[in-house]
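Asker: Could you have a look at this structure, given as structure tokens, before my questions?
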Amino acid sequence: MIKIEKLPKPGVLSDNEEQWTDEYIRRKSGDLSIPKAAETRYRHPDIKSTLRLESHDKCIFCESKISHVFPGETDHIIPSSKKPEYIVKWDNLGYVCKECNRNKHNYYDARVPLLNPFVDEPKEYLLFVGPLVFPKPGRIRATTTVEKLKLDRSALIERKKERLQNVQLLLERLELFPHGSAREFLLEEIEAEADSSREYSATVRQFLNQALAEV
Ligand SMILES: [Zn+2]
């Protein structure tokens with residue numbers, strides 16, 4: 001998980017937010033004159049594409065790249081079942097993988113909210129060690145987030161491990177270039193692996209911090 005800057009609200013949401021919220025609440029209260037589509041307007045393609053852009057096509061929680069193999073969904077940070085008035089609230093929407101979405105389900109506890117990557121700085125709460133992620137001691141929200149989202153699930157660990165092994169191959173090539181511009185180029189390439197747009201960047205960043213400290 002990394003901090004994500006929210007992009008400006010898409011035009012379709014600025015134009016319709018009030019009406020869509022109102023219709024959603026009426027529909028949910030049993031007003032069947034409102035079409036069922038009122039329940040899923042947050043999935044509008046313009047909203048989805050902006051959410052994907054701001055998270056670099058990754059799940060905002062586990063940083064898995066979204067693809068046909070690992071599909072993603074528009075999710076509510078605070079579930080709409082708890083806060084129907086937030087159904088299309090821009091700050092409350094994010095792009096998440098199916099797995100995190102399923103694990104999160106409708107969890108919401110105002111006393112112990114999950115980490116919110118749009119608001120919180122995840123590295124203040126989470127410790128990335130190799131392919132693993134741990135809550136920092138005493139950070140109850142981090143503990144809850146790791147547990148609820150199952151951020152330590154084995155499928156994630158396996159994929160992060162593969163990712164680190166690929167970065168390790170690049171690091172090994174450094175030995176072939178003890179100095180000079182080729183080495184500089186390779187170092188830049190390695191550092192680009194930790195870019196926010198790359199999969200599991202928090203994991204890779206921490207790994208490189210350790211590995212390159214000794215180079
Ligand atoms: Zn995820």
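Residue names in the structure tokens use chain letters A, B, ... in the order shown, residue numbers from 1 in each chain, and ligand numbers from 1 in the order shown.
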Can you list every residue in segment 55-126 of chain A that DSSP puts in helix (DSSP H, G or I), as a PyMOL selection string?
Answerer: chain A and resi 84-86+90-92+98-104+122-124
Asker: How about saving the chosen residues, N, CA, C and O atoms kept, as an mmCIF file, in the first residue's frame?
Answerer:
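For reference, out18.cif as written:
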```cif
data_model
loop_
_atom_site.group_PDB
_atom_site.id
_atom_site.type_symbol
_atom_site.label_atom_id
_atom_site.label_comp_id
_atom_site.auth_asym_id
_atom_site.auth_seq_id
_atom_site.Cartn_x
_atom_site.Cartn_y
_atom_site.Cartn_z
ATOM 1 N N PRO A 84 -24.950 5.471 3.098
ATOM 2 C CA PRO A 84 -25.554 5.572 1.751
ATOM 3 C C PRO A 84 -25.331 6.949 1.109
ATOM 4 O O PRO A 84 -25.262 7.050 -0.124
ATOM 5 N N GLU A 85 -25.165 7.966 1.950
ATOM 6 C CA GLU A 85 -24.968 9.318 1.409
ATOM 7 C C GLU A 85 -23.594 9.468 0.751
ATOM 8 O O GLU A 85 -23.322 10.460 0.093
ATOM 9 N N TYR A 86 -22.737 8.464 0.919
ATOM 10 C CA TYR A 86 -21.401 8.484 0.297
ATOM 11 C C TYR A 86 -21.345 7.625 -0.973
ATOM 12 O O TYR A 86 -20.272 7.292 -1.429
ATOM 13 N N TRP A 90 -16.806 11.378 -4.173
ATOM 14 C CA TRP A 90 -15.544 11.132 -4.882
ATOM 15 C C TRP A 90 -14.432 10.647 -3.959
ATOM 16 O O TRP A 90 -13.722 9.688 -4.257
ATOM 17 N N ASP A 91 -14.282 11.319 -2.803
ATOM 18 C CA ASP A 91 -13.203 10.944 -1.876
ATOM 19 C C ASP A 91 -13.388 9.549 -1.295
ATOM 20 O O ASP A 91 -12.473 9.003 -0.682
ATOM 21 N N ASN A 92 -14.587 9.031 -1.444
ATOM 22 C CA ASN A 92 -14.866 7.720 -0.851
ATOM 23 C C ASN A 92 -14.725 6.578 -1.849
ATOM 24 O O ASN A 92 -14.965 5.425 -1.519
ATOM 25 N N LYS A 98 -10.493 -7.661 -6.732
ATOM 26 C CA LYS A 98 -11.644 -8.438 -6.259
ATOM 27 C C LYS A 98 -11.369 -9.076 -4.905
ATOM 28 O O LYS A 98 -12.242 -9.166 -4.053
ATOM 29 N N GLU A 99 -10.154 -9.527 -4.748
ATOM 30 C CA GLU A 99 -9.785 -10.239 -3.524
ATOM 31 C C GLU A 99 -9.872 -9.302 -2.310
ATOM 32 O O GLU A 99 -10.482 -9.648 -1.300
ATOM 33 N N CYS A 100 -9.259 -8.123 -2.421
ATOM 34 C CA CYS A 100 -9.317 -7.173 -1.299
ATOM 35 C C CYS A 100 -10.763 -6.738 -1.051
ATOM 36 O O CYS A 100 -11.185 -6.592 0.091
ATOM 37 N N ASN A 101 -11.493 -6.552 -2.137
ATOM 38 C CA ASN A 101 -12.877 -6.112 -1.996
ATOM 39 C C ASN A 101 -13.700 -7.163 -1.244
ATOM 40 O O ASN A 101 -14.478 -6.841 -0.358
ATOM 41 N N ARG A 102 -13.483 -8.421 -1.611
ATOM 42 C CA ARG A 102 -14.225 -9.496 -0.957
ATOM 43 C C ARG A 102 -13.828 -9.588 0.520
ATOM 44 O O ARG A 102 -14.671 -9.755 1.394
ATOM 45 N N ASN A 103 -12.535 -9.477 0.777
ATOM 46 C CA ASN A 103 -12.078 -9.576 2.169
ATOM 47 C C ASN A 103 -12.590 -8.414 3.017
ATOM 48 O O ASN A 103 -12.977 -8.586 4.168
ATOM 49 N N LYS A 104 -12.593 -7.255 2.427
ATOM 50 C CA LYS A 104 -13.044 -6.060 3.156
ATOM 51 C C LYS A 104 -14.531 -6.138 3.439
ATOM 52 O O LYS A 104 -15.010 -5.748 4.488
ATOM 53 N N PRO A 122 0.759 5.177 4.386
ATOM 54 C CA PRO A 122 0.849 3.761 4.788
ATOM 55 C C PRO A 122 2.189 3.360 5.403
ATOM 56 O O PRO A 122 2.228 2.536 6.307
ATOM 57 N N LYS A 123 3.293 3.979 4.951
ATOM 58 C CA LYS A 123 4.580 3.519 5.498
ATOM 59 C C LYS A 123 4.759 3.907 6.969
ATOM 60 O O LYS A 123 5.639 3.389 7.636
ATOM 61 N N GLU A 124 3.905 4.801 7.464
ATOM 62 C CA GLU A 124 3.958 5.099 8.899
ATOM 63 C C GLU A 124 3.291 3.987 9.722
ATOM 64 O O GLU A 124 3.434 3.923 10.932
#
```
Asker: Which residues in segment 23-156 of chain A does DSSP call strand (DSSP E)? List them as a list of chain:residue names.
Answerer: A:Gly72, A:Glu73, A:Thr74, A:Asp75, A:His76, A:Leu93, A:Gly94, A:Tyr95, A:Val96, A:Cys97, A:Leu126, A:Leu127, A:Phe128, A:Val129, A:Leu132, A:Val133, A:Phe134, A:Pro135
Asker: Write out the residues from the selection above, keeping C-alpha atoms, as a compact mmCIF listing (two decimals), in the first residue's frame.
Answerer:
```
# COMPACT_ATOMS: atom_id res chain seq x y z
CA GLY A 72 -10.72 -4.78 -10.33
CA GLU A 73 -13.82 -3.03 -9.06
CA THR A 74 -14.88 0.41 -7.94
CA ASP A 75 -15.11 0.27 -4.18
CA HIS A 76 -16.36 2.47 -1.37
CA LEU A 93 -14.25 5.86 -4.11
CA GLY A 94 -11.20 3.82 -5.02
CA TYR A 95 -10.12 1.06 -7.34
CA VAL A 96 -9.55 -2.30 -5.67
CA CYS A 97 -8.87 -5.89 -6.68
CA LEU A 126 3.13 -0.81 7.75
CA LEU A 127 6.48 -2.51 7.68
CA PHE A 128 7.52 -4.18 4.43
CA VAL A 129 10.01 -6.98 4.92
CA LEU A 132 5.82 -9.77 3.76
CA VAL A 133 3.94 -6.90 5.31
CA PHE A 134 3.54 -6.34 9.05
CA PRO A 135 1.61 -3.79 11.08
```
Asker: Using only C-alpha atoms for the distances, tell me which of A:Leu170, A:Arg43, A:Ile87, A:Ala213 is nearest to Ala192 of chain A.
Answerer: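 Counting only C-alpha atoms, the residue closest to Ala192 of chain A is A:Leu170.
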Asker: May I ask which of the residues A:Ala211, A:Leu149, A:Leu115, A:Leu186 is the closest one to ligand 1, counting only C-alpha atoms and all ligand atoms?
Answerer: A:Leu149
Asker: Tell me which protein, DNA and RNA residues are within 10 Å of Val112 of chain A, counting only C-alpha atoms, leaving out same-chain ones fewer than 5 positions away, and put them as a list in words.
Answerer: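 Answer for this query is Ile140, Arg141, Ala142, Thr143, Thr144 and Thr145 of chain A.
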